[in-house]
$ cat input_15.csv   # CSV, C-alpha atoms and all ligand atoms
chain,number,residue,atom,x,y,z
D,156,MET,CA,3.4,-12.5,-21.3
D,157,GLU,CA,1.5,-15.1,-19.3
D,158,LYS,CA,0.9,-14.5,-15.6
D,159,THR,CA,-1.2,-16.0,-12.8
D,160,ILE,CA,-2.7,-13.6,-10.3
D,161,ALA,CA,-4.2,-14.6,-7.0
D,162,VAL,CA,-7.3,-12.3,-6.2
D,163,LEU,CA,-8.3,-12.1,-2.6
D,164,PRO,CA,-11.4,-9.8,-2.4
D,165,GLY,CA,-11.9,-10.0,1.4
D,166,ASP,CA,-14.7,-8.0,3.2
D,167,GLY,CA,-16.8,-4.9,2.9
D,168,ILE,CA,-15.9,-2.9,-0.3
D,169,GLY,CA,-13.0,-5.3,-0.9
D,170,PRO,CA,-15.0,-7.4,-3.5
D,171,GLU,CA,-16.3,-4.3,-5.3
D,172,VAL,CA,-12.9,-2.7,-5.7
D,173,THR,CA,-11.0,-5.8,-6.6
D,174,GLU,CA,-13.7,-6.6,-9.2
D,175,ALA,CA,-13.0,-3.1,-10.7
D,176,ALA,CA,-9.2,-3.8,-10.7
D,177,VAL,CA,-9.7,-7.2,-12.4
D,178,LYS,CA,-11.8,-5.6,-15.1
D,179,VAL,CA,-9.1,-3.0,-15.8
D,180,LEU,CA,-6.4,-5.8,-15.9
D,181,LYS,CA,-8.5,-7.8,-18.4
D,182,SER,CA,-8.8,-4.8,-20.6
D,183,ILE,CA,-5.0,-4.3,-20.4
D,184,ALA,CA,-4.4,-8.0,-21.2
D,185,MET,CA,-6.5,-7.7,-24.4
D,186,ARG,CA,-4.8,-4.5,-25.5
D,187,TYR,CA,-1.3,-5.6,-24.9
D,188,GLY,CA,-1.7,-9.3,-25.8
D,189,HIS,CA,-1.0,-10.7,-22.4
D,190,THR,CA,-2.7,-13.8,-20.8
D,191,PHE,CA,-3.7,-13.4,-17.1
D,192,HIS,CA,-4.9,-16.5,-15.2
D,193,TRP,CA,-7.0,-15.8,-12.1
D,194,LYS,CA,-7.1,-17.7,-8.8
D,195,PHE,CA,-9.8,-16.3,-6.6
D,196,ALA,CA,-9.5,-17.2,-2.9
D,197,ALA,CA,-10.9,-16.2,0.5
D,198,ILE,CA,-9.3,-14.0,3.1
D,199,GLY,CA,-10.4,-12.1,6.3
D,200,GLY,CA,-13.9,-12.3,7.7
D,201,ALA,CA,-15.2,-13.9,4.5
D,202,ALA,CA,-12.7,-16.8,5.0
D,203,VAL,CA,-13.5,-17.1,8.7
D,204,ASP,CA,-17.2,-17.5,7.7
D,205,GLU,CA,-16.5,-20.1,5.0
D,206,PHE,CA,-13.4,-22.0,6.3
D,207,GLY,CA,-13.2,-21.1,10.0
D,208,SER,CA,-9.8,-19.3,9.5
D,209,PRO,CA,-8.9,-15.8,8.2
D,210,LEU,CA,-6.1,-17.4,6.0
D,211,PRO,CA,-7.2,-20.9,5.0
D,212,LYS,CA,-4.6,-23.2,3.5
D,213,GLU,CA,-6.5,-23.3,0.2
D,214,THR,CA,-5.7,-19.5,0.0
D,215,VAL,CA,-2.0,-19.9,0.8
D,216,GLU,CA,-1.8,-22.6,-1.9
D,217,ALA,CA,-3.6,-20.4,-4.5
D,218,CYS,CA,-1.1,-17.6,-3.7
D,219,GLU,CA,1.9,-20.0,-3.9
D,220,ALA,CA,0.8,-21.0,-7.4
D,221,SER,CA,0.6,-17.4,-8.5
D,222,ASP,CA,3.0,-14.7,-9.7
D,223,ALA,CA,1.5,-11.9,-7.5
D,224,ILE,CA,-1.4,-11.3,-5.2
D,225,LEU,CA,-4.1,-8.6,-5.5
D,226,LEU,CA,-6.1,-8.0,-2.3
D,227,GLY,CA,-9.1,-5.9,-1.4
D,228,ALA,CA,-9.5,-5.2,2.3
D,229,VAL,CA,-10.4,-7.2,5.4
D,230,GLY,CA,-12.4,-6.6,8.5
D,231,GLY,CA,-15.8,-5.3,9.7
D,232,PRO,CA,-18.0,-5.1,12.8
D,233,LYS,CA,-19.3,-8.7,12.3
D,234,TRP,CA,-16.0,-10.1,13.4
D,235,ASP,CA,-14.8,-7.5,15.9
D,236,ASN,CA,-15.5,-9.8,18.9
D,237,ASN,CA,-13.9,-12.9,17.4
D,238,PRO,CA,-10.9,-14.5,19.3
D,239,ALA,CA,-7.5,-13.3,18.1
D,240,GLU,CA,-6.8,-16.3,15.8
D,241,GLN,CA,-10.1,-15.7,14.0
D,242,ARG,CA,-9.9,-12.0,13.5
D,243,PRO,CA,-9.8,-10.8,9.8
D,244,GLU,CA,-6.6,-8.8,10.2
D,245,LYS,CA,-4.8,-11.9,11.3
D,246,GLY,CA,-5.2,-13.1,7.7
D,247,LEU,CA,-3.3,-10.1,6.5
D,248,LEU,CA,-0.5,-10.3,9.1
D,249,ASN,CA,-0.1,-14.1,8.4
D,250,ILE,CA,0.0,-13.8,4.6
D,251,ARG,CA,2.7,-11.1,4.8
D,252,LYS,CA,4.7,-13.2,7.2
D,253,HIS,CA,4.2,-16.5,5.2
D,254,PHE,CA,5.5,-14.9,2.0
D,255,ASP,CA,8.2,-12.8,3.8
D,256,LEU,CA,7.0,-9.6,2.3
D,257,PHE,CA,9.4,-7.3,4.1
D,258,ALA,CA,9.1,-4.1,2.2
D,259,ASN,CA,5.9,-2.0,2.3
D,260,VAL,CA,5.8,0.5,-0.5
D,261,ARG,CA,3.4,3.4,-0.6
D,262,PRO,CA,3.6,6.0,-3.3
D,263,VAL,CA,2.1,9.4,-2.4
D,264,LYS,CA,1.4,11.5,-5.5
D,265,ALA,CA,-0.6,14.7,-5.8
D,266,VAL,CA,-3.6,14.4,-8.1
D,267,PRO,CA,-4.0,17.9,-9.7
D,268,ALA,CA,-7.8,17.5,-10.1
D,269,LEU,CA,-8.1,16.7,-6.3
D,270,LEU,CA,-5.8,19.3,-4.8
D,271,GLY,CA,-8.8,21.0,-3.2
D,272,SER,CA,-9.3,18.1,-0.8
D,273,SER,CA,-5.8,18.1,0.6
D,274,PRO,CA,-5.5,19.5,4.2
D,275,LEU,CA,-2.4,21.3,3.0
D,276,LYS,CA,-2.3,24.5,1.0
D,277,GLU,CA,-2.5,23.8,-2.7
D,278,GLU,CA,0.9,25.3,-3.4
D,279,ILE,CA,2.5,22.9,-0.9
D,280,ALA,CA,0.6,19.8,-1.9
D,281,ARG,CA,1.1,20.4,-5.6
D,282,GLU,CA,3.9,18.3,-7.3
D,283,VAL,CA,4.2,16.0,-4.3
D,284,ASP,CA,5.6,12.7,-5.7
D,285,MET,CA,7.2,10.4,-3.2
D,286,VAL,CA,7.4,6.8,-2.2
D,287,ILE,CA,7.7,5.6,1.4
D,288,VAL,CA,9.5,2.2,1.8
D,289,ARG,CA,8.7,0.8,5.3
D,290,GLU,CA,10.4,-2.3,6.8
D,291,LEU,CA,7.4,-4.6,7.5
D,292,THR,CA,8.6,-7.8,9.2
D,293,GLY,CA,11.0,-6.6,12.0
D,294,GLY,CA,11.5,-4.0,14.6
D,295,LEU,CA,9.4,-3.1,17.6
D,296,TYR,CA,6.3,-4.9,16.5
D,297,PHE,CA,7.9,-8.3,16.5
D,298,GLY,CA,11.0,-8.1,18.8
D,299,GLU,CA,11.2,-10.3,21.9
D,300,PRO,CA,10.9,-10.0,24.9
D,301,LYS,CA,7.4,-8.5,24.6
D,302,ARG,CA,5.2,-8.5,27.7
D,303,HIS,CA,3.5,-6.4,30.4
D,304,ASN,CA,2.2,-6.8,33.9
D,305,GLU,CA,0.5,-4.3,36.3
D,306,ASN,CA,3.8,-2.5,37.0
D,307,SER,CA,6.0,-2.7,34.0
D,308,ALA,CA,6.0,-3.4,30.3
D,309,VAL,CA,8.6,-4.2,27.7
D,310,ASP,CA,8.8,-4.1,23.9
D,311,THR,CA,12.0,-4.8,22.0
D,312,LEU,CA,13.4,-3.0,19.0
D,313,VAL,CA,15.7,-5.4,17.3
D,314,TYR,CA,17.1,-5.4,13.7
D,315,THR,CA,19.7,-7.7,12.2
D,316,ARG,CA,22.2,-6.4,9.7
D,317,ALA,CA,20.6,-8.7,7.0
D,318,GLU,CA,17.1,-7.3,7.6
D,319,ILE,CA,18.4,-3.7,7.3
D,320,GLU,CA,20.5,-4.5,4.2
D,321,ARG,CA,17.6,-6.0,2.2
D,322,ILE,CA,15.2,-3.1,2.9
D,323,VAL,CA,17.8,-0.5,2.2
D,324,ASP,CA,18.8,-2.2,-1.1
D,325,GLN,CA,15.2,-2.2,-2.1
D,326,ALA,CA,14.9,1.5,-1.4
D,327,PHE,CA,18.2,2.3,-3.3
D,328,GLU,CA,16.9,0.4,-6.3
D,329,MET,CA,13.6,2.3,-6.2
D,330,ALA,CA,15.4,5.7,-5.8
D,331,ARG,CA,17.6,4.8,-8.8
D,332,SER,CA,14.6,4.2,-11.0
D,333,ARG,CA,13.0,7.5,-9.9
D,334,ARG,CA,14.7,10.9,-9.2
D,335,GLY,CA,17.8,9.4,-7.5
D,336,LYS,CA,17.1,10.8,-4.0
D,337,LEU,CA,16.9,8.7,-0.8
D,338,ALA,CA,16.0,10.0,2.6
D,339,SER,CA,16.9,7.4,5.3
D,340,VAL,CA,14.9,8.1,8.5
D,341,ASP,CA,16.1,6.9,11.9
D,342,LYS,CA,16.6,8.1,15.5
D,343,ALA,CA,20.4,7.6,15.5
D,344,ASN,CA,20.9,10.2,18.3
D,345,VAL,CA,19.2,7.9,20.8
D,346,LEU,CA,18.5,4.4,19.4
D,347,GLU,CA,21.2,1.7,19.1
D,348,SER,CA,19.2,0.0,16.3
D,349,SER,CA,19.2,3.3,14.4
D,350,LYS,CA,23.0,3.5,14.7
D,351,LEU,CA,23.4,0.2,12.9
D,352,TRP,CA,20.7,1.3,10.4
D,353,ARG,CA,22.7,4.4,9.5
D,354,LYS,CA,25.9,2.5,9.3
D,355,VAL,CA,24.4,0.0,6.9
D,356,VAL,CA,22.9,2.8,4.7
D,357,GLU,CA,26.4,4.4,4.6
D,358,GLU,CA,28.0,1.1,3.5
D,359,ARG,CA,25.4,0.2,0.8
D,360,LYS,CA,25.6,3.7,-0.6
D,361,ALA,CA,28.9,2.7,-2.3
D,362,GLY,CA,26.9,0.4,-4.6
D,363,TYR,CA,24.6,3.3,-5.8
D,364,PRO,CA,26.8,6.2,-6.7
D,365,ASP,CA,23.9,7.7,-8.7
D,366,VAL,CA,21.7,8.0,-5.6
D,367,GLU,CA,22.0,11.0,-3.3
D,368,VAL,CA,21.4,10.0,0.3
D,369,GLU,CA,20.3,12.1,3.2
D,370,HIS,CA,20.0,10.8,6.8
D,371,MET,CA,17.1,12.4,8.7
D,372,LEU,CA,15.9,12.1,12.3
D,373,VAL,CA,12.3,10.9,12.5
D,374,ASP,CA,11.0,13.9,14.4
D,375,SER,CA,12.5,16.3,11.8
D,376,ALA,CA,11.2,14.1,8.9
D,377,ALA,CA,7.7,14.3,10.4
D,378,MET,CA,7.9,18.1,10.2
D,379,LYS,CA,9.3,18.3,6.8
D,380,LEU,CA,6.6,16.0,5.4
D,381,ILE,CA,4.1,18.7,6.2
D,382,THR,CA,6.2,21.8,5.5
D,383,ASN,CA,8.0,20.7,2.4
D,384,PRO,CA,6.7,17.3,1.1
D,385,ARG,CA,7.9,18.0,-2.4
D,386,ALA,CA,11.5,17.7,-1.2
D,387,PHE,CA,11.1,13.9,-0.8
D,388,ASP,CA,11.6,11.3,-3.5
D,389,VAL,CA,12.1,7.9,-1.8
D,390,VAL,CA,12.0,7.6,2.0
D,391,VAL,CA,13.2,4.4,3.7
D,392,THR,CA,12.6,3.6,7.4
D,393,GLU,CA,12.0,0.9,10.0
D,394,ASN,CA,8.7,-0.6,10.8
D,395,MET,CA,7.2,1.7,13.5
D,396,PHE,CA,8.5,5.0,12.1
D,397,GLY,CA,7.2,3.9,8.7
D,398,ASP,CA,3.8,3.0,10.1
D,399,ILE,CA,3.4,6.6,11.4
D,400,LEU,CA,5.1,8.5,8.6
D,401,SER,CA,3.2,6.6,5.8
D,402,ASP,CA,-0.1,7.5,7.4
D,403,GLU,CA,1.0,11.1,7.8
D,404,ALA,CA,2.1,11.3,4.2
D,405,SER,CA,-1.1,9.6,2.9
D,406,VAL,CA,-3.4,12.4,3.9
D,407,ILE,CA,-1.4,15.0,1.9
D,408,THR,CA,-3.1,14.0,-1.4
D,409,GLY,CA,-6.5,14.3,0.2
D,410,SER,CA,-8.3,10.9,-0.2
D,411,LEU,CA,-7.9,7.5,1.2
D,412,GLY,CA,-9.7,6.1,-1.9
D,413,MET,CA,-6.8,7.1,-4.1
D,414,LEU,CA,-3.8,5.4,-2.4
D,415,PRO,CA,-2.3,2.1,-3.6
D,416,SER,CA,0.3,0.0,-1.8
D,417,ALA,CA,2.6,-3.0,-2.3
D,418,SER,CA,4.2,-5.4,0.1
D,419,ILE,CA,7.1,-7.0,-1.7
D,420,ARG,CA,10.3,-9.1,-1.4
D,421,SER,CA,13.5,-9.0,-3.4
D,422,ASP,CA,12.5,-11.6,-6.1
D,423,GLY,CA,9.7,-9.5,-7.4
D,424,PHE,CA,6.8,-11.4,-5.7
D,425,GLY,CA,4.4,-9.1,-4.0
D,426,LEU,CA,1.0,-8.4,-2.5
D,427,TYR,CA,-0.8,-5.3,-3.8
D,428,GLU,CA,-3.7,-3.7,-2.0
D,429,PRO,CA,-5.4,-0.3,-1.4
D,430,VAL,CA,-4.3,1.6,1.7
D,431,HIS,CA,-7.9,2.0,2.8
D,432,GLY,CA,-9.9,-0.6,4.8
D,433,SER,CA,-13.2,-2.4,4.1
D,434,ALA,CA,-15.4,0.7,4.6
D,435,PRO,CA,-18.4,-1.2,6.0
D,436,ASP,CA,-20.4,2.1,6.0
D,437,ILE,CA,-20.6,2.1,2.2
D,438,ALA,CA,-20.2,-1.6,1.3
D,439,GLY,CA,-22.4,-3.1,-1.3
D,440,GLN,CA,-23.7,0.3,-2.4
D,441,ASN,CA,-21.7,0.8,-5.7
D,442,LYS,CA,-20.2,3.9,-4.1
D,443,ALA,CA,-16.7,3.0,-3.3
D,444,ASN,CA,-13.8,4.7,-5.1
D,445,PRO,CA,-12.0,1.9,-7.0
D,446,SER,CA,-9.0,4.0,-7.8
D,447,ALA,CA,-6.7,2.7,-5.0
D,448,ALA,CA,-7.4,-0.9,-6.0
D,449,ILE,CA,-6.9,-0.1,-9.7
D,450,LEU,CA,-3.7,1.8,-9.0
D,451,SER,CA,-2.5,-1.1,-6.9
D,452,ALA,CA,-3.0,-3.3,-9.9
D,453,ALA,CA,-0.9,-0.9,-11.9
D,454,MET,CA,1.9,-1.2,-9.3
D,455,MET,CA,1.7,-5.0,-9.6
D,456,LEU,CA,2.2,-4.8,-13.3
D,457,ARG,CA,5.2,-2.5,-12.9
D,458,GLN,CA,6.9,-4.1,-9.9
D,459,SER,CA,6.1,-7.8,-10.2
D,460,PHE,CA,5.8,-8.2,-14.0
D,461,GLY,CA,8.0,-5.4,-15.3
D,462,MET,CA,5.1,-4.0,-17.4
D,463,GLU,CA,6.0,-0.3,-17.2
D,464,SER,CA,4.0,1.0,-20.1
D,465,GLU,CA,0.9,-1.0,-19.1
D,466,ALA,CA,1.2,0.4,-15.6
D,467,SER,CA,1.5,4.0,-16.7
D,468,SER,CA,-1.4,3.7,-19.1
D,469,ILE,CA,-3.6,2.6,-16.2
D,470,GLU,CA,-2.4,5.5,-14.0
D,471,ASP,CA,-2.9,8.0,-16.9
D,472,ALA,CA,-6.4,6.6,-17.5
D,473,VAL,CA,-7.5,7.1,-13.8
D,474,MET,CA,-6.1,10.7,-13.8
D,475,SER,CA,-7.9,11.6,-17.1
D,476,VAL,CA,-11.2,10.4,-15.7
D,477,LEU,CA,-10.7,12.7,-12.7
D,478,GLU,CA,-9.5,15.5,-14.8
D,479,ASP,CA,-12.6,15.2,-16.9
D,480,GLY,CA,-14.5,16.0,-13.7
D,481,TYR,CA,-15.9,12.6,-12.7
D,482,CYS,CA,-15.4,11.0,-9.3
D,483,THR,CA,-17.0,8.8,-6.7
D,484,GLY,CA,-18.8,10.3,-3.7
D,485,ASP,CA,-15.7,10.4,-1.4
D,486,LEU,CA,-14.3,13.1,-3.7
D,487,SER,CA,-17.4,15.2,-4.1
D,488,ALA,CA,-15.7,18.1,-2.1
D,489,CYS,CA,-13.8,18.7,-5.3
D,490,GLY,CA,-17.0,19.9,-7.0
D,491,ASN,CA,-16.8,17.1,-9.6
D,492,LYS,CA,-19.7,15.0,-11.0
D,493,VAL,CA,-20.4,12.0,-8.8
D,494,ILE,CA,-20.7,8.6,-10.5
D,495,SER,CA,-20.9,5.0,-9.3
D,496,THR,CA,-18.1,2.6,-8.8
D,497,GLU,CA,-19.1,0.6,-11.9
D,498,ARG,CA,-19.5,3.8,-14.0
D,499,PHE,CA,-16.1,5.0,-12.9
D,500,VAL,CA,-14.5,1.7,-14.0
D,501,GLU,CA,-16.2,1.9,-17.4
D,502,LYS,CA,-14.8,5.4,-17.8
D,503,VAL,CA,-11.3,4.2,-16.9
D,504,ILE,CA,-11.6,1.4,-19.5
D,505,GLU,CA,-12.8,3.9,-22.1
D,506,GLU,CA,-9.7,6.0,-21.5
D,507,LEU,CA,-7.5,3.0,-21.9
D,601,LIG,P1,-11.7,2.5,6.2
D,601,LIG,O1,-10.5,2.8,5.4
D,601,LIG,O2,-12.4,1.3,5.9
D,601,LIG,O3,-12.8,3.7,6.1
D,601,LIG,C1,-12.5,5.0,6.6
D,601,LIG,C2,-13.5,6.0,5.9
D,601,LIG,O4,-13.1,6.2,4.5
D,601,LIG,C3,-14.9,5.5,5.8
D,601,LIG,O5,-15.8,6.6,5.9
D,601,LIG,C4,-15.0,4.9,4.4
D,601,LIG,O6,-16.3,4.9,3.9
D,601,LIG,C5,-14.1,5.8,3.6
D,601,LIG,N1,-13.4,5.0,2.5
D,601,LIG,C6,-12.4,4.1,2.6
D,601,LIG,N2,-12.1,3.6,1.5
D,601,LIG,C7,-12.9,4.2,0.6
D,601,LIG,C8,-13.1,4.1,-0.8
D,601,LIG,N3,-12.3,3.3,-1.6
D,601,LIG,N4,-14.1,4.8,-1.4
D,601,LIG,C9,-14.8,5.7,-0.7
D,601,LIG,N5,-14.7,5.8,0.6
D,601,LIG,C10,-13.8,5.1,1.3
D,601,LIG,O7,-11.2,2.5,7.7
D,601,LIG,P2,-12.0,2.2,9.0
D,601,LIG,O8,-13.4,2.7,8.9
D,601,LIG,O9,-11.2,2.6,10.1
D,601,LIG,O10,-12.1,0.6,9.1
D,601,LIG,C11,-13.2,-0.2,8.6
D,601,LIG,C12,-12.7,-1.7,8.7
D,601,LIG,O11,-11.6,-1.9,7.8
D,601,LIG,C13,-12.3,-2.1,10.0
D,601,LIG,O12,-12.7,-3.4,10.3
D,601,LIG,C14,-10.7,-2.1,9.9
D,601,LIG,O13,-10.1,-3.0,10.8
D,601,LIG,C15,-10.6,-2.5,8.5
D,601,LIG,N6,-9.3,-2.1,7.9
D,601,LIG,C16,-8.7,-2.9,7.0
D,601,LIG,C17,-7.5,-2.6,6.4
D,601,LIG,C18,-7.0,-3.5,5.4
D,601,LIG,O14,-7.6,-4.5,5.0
D,601,LIG,N7,-5.8,-3.3,4.9
D,601,LIG,C19,-6.9,-1.3,6.6
D,601,LIG,C20,-7.6,-0.4,7.5
D,601,LIG,C21,-8.8,-0.8,8.1
D,602,MG,MG,-1.0,1.9,10.3
$ encode --input "input_15.csv" --output "structure tokens"
Amino acid sequence: MEKTIAVLPGDGIGPEVTEAAVKVLKSIAMRYGHTFHWKFAAIGGAAVDEFGSPLPKETVEACEASDAILLGAVGGPKWDNNPAEQRPEKGLLNIRKHFDLFANVRPVKAVPALLGSSPLKEEIAREVDMVIVRELTGGLYFGEPKRHNENSAVDTLVYTRAEIERIVDQAFEMARSRRGKLASVDKANVLESSKLWRKVVEERKAGYPDVEVEHMLVDSAAMKLITNPRAFDVVVTENMFGDILSDEASVITGSLGMLPSASIRSDGFGLYEPVHGSAPDIAGQNKANPSAAILSAAMMLRQSFGMESEASSIEDAVMSVLEDGYCTGDLSACGNKVISTERFVEKVIEEL
């Protein structure tokens, strides 16, 4: 297959970890006979410095001419006092909006070699394997009116039927391709938007007789994520609940440096990036854990390109390196041998 990939390294450790992911993808291309074309472009603080905007039009054009986007991370103290339109994170918000990437997908899977760094007991964290599907472009973060003064403040939680249908369908498809279980999380006992959400889930269910659906209130879901995380397969929820629950779930496996994510739309186009930020404290030191970026690249192959066996081989390679007892410094609590970012990538490629 022939594909074009936009690579947006961004700031801090972003360039190091995306370089790692690109190396792994090049090795996959060689092994499986694919041709990947690369379009490198600026985003975040690096783009503000070079172009005066966190999402320059050159970058948008590079992405429009690509089949998927691979992103590092944006932000850092250098740009913290910039005006709102020139803040690095604005680049990320704008690119999601520009491409209408309405579904944020975060897999959370226990890594046997790293169970020691989970805040949960090993027997609870073991075998956790879920995906959180969060609605990303609607809800409380975007609804109007939205304002405050000295004495009152208002935010608006609004969802249209169409917005709910497309995210719910995405989650049903994902559940169908996994263990066939979908937990739809809402607050239907008090929120009107949740009542419509629940109704839409009930209607769409008819198209997916092979998927078992459970409706769950968000407060109860928050408890169950900690007491019995293994019970979840696919979780679908609106923007704010998803923001909170996905961060809660992400700590179960023990390290930020391991977690990939995707922001996608229905036609398969998507943006793939690690869950972690730009880690300015370790940037440029060849210390960053490249796993989250490499696993994001694997998600890209699976979700945007339909390359299932290529994706699994990358995931297996990362797990074998960890099982062999090698890791970057963020995972040293596991008692493994600490190696550099570059060495870790070489080991992953050897495993491939
Ligand atoms: P962070 O995720 O960058 O770092 C938190 C801690 O985890 C730090 O100690 C860091 O060294 C460590 N860490 C993160 N990723 C790692 C990796 N791959 N390997 C080894 N250690 C890793 O979050 P923080 O410190 O809150 O934010 C730093 C900057 O990143 C801020 O400017 C923030 O706005 C930005 N940020 C950007 C995100 C994005 O681009 N999607 C997401 C979160 C934060
Ligand atoms: Mg968040």
$ residues_near_ligand --input "input_15.csv" --ligand "ligand MG 602 (chain D)" --cutoff "8 Å" --atoms "only C-alpha atoms and all ligand atoms" --output "VMD selection string"
chain D and resid 398 to 399 401 to 402
$ write_last_selection --input "input_15.csv" --atoms "C-alpha atoms" --output "short mmCIF file (atom, residue, chain, number, x, y, z; two decimals), in the frame of the given file"
data_model
loop_
_atom_site.label_atom_id
_atom_site.label_comp_id
_atom_site.auth_asym_id
_atom_site.auth_seq_id
_atom_site.Cartn_x
_atom_site.Cartn_y
_atom_site.Cartn_z
CA ASP D 398 3.80 3.00 10.10
CA ILE D 399 3.40 6.60 11.40
CA SER D 401 3.20 6.60 5.80
CA ASP D 402 -0.10 7.50 7.40
#
$ closest_residue --input "input_15.csv" --among "D:Ser487, D:Gln458, D:Ser421, D:Thr214" --to "Gly246 in chain D" --atoms "only C-alpha atoms"
D:Thr214
$ atom_distance --input "input_15.csv" --atom1 "CA of Ile224 in chain D" --atom2 "CA of Gly188 in chain D"
20.7 Å
$ residues_near_ligand --input "input_15.csv" --ligand "ligand LIG 601 (chain D)" --cutoff "6 Å" --atoms "only C-alpha atoms and all ligand atoms" --output "ChimeraX atom specification"
/D:228-231,411-412,431-437,443-445,485
$ closest_residue --input "input_15.csv" --among "D:Gly480, D:Gly207, D:Gly423, D:Gly227" --to "Leu456 in chain D" --atoms "only C-alpha atoms"
D:Gly423
$ closest_residue --input "input_15.csv" --among "D:Ile322, D:Ile168, D:Leu225, D:Leu180" --to "Phe424 in chain D" --atoms "all atoms listed in the file"
D:Leu225
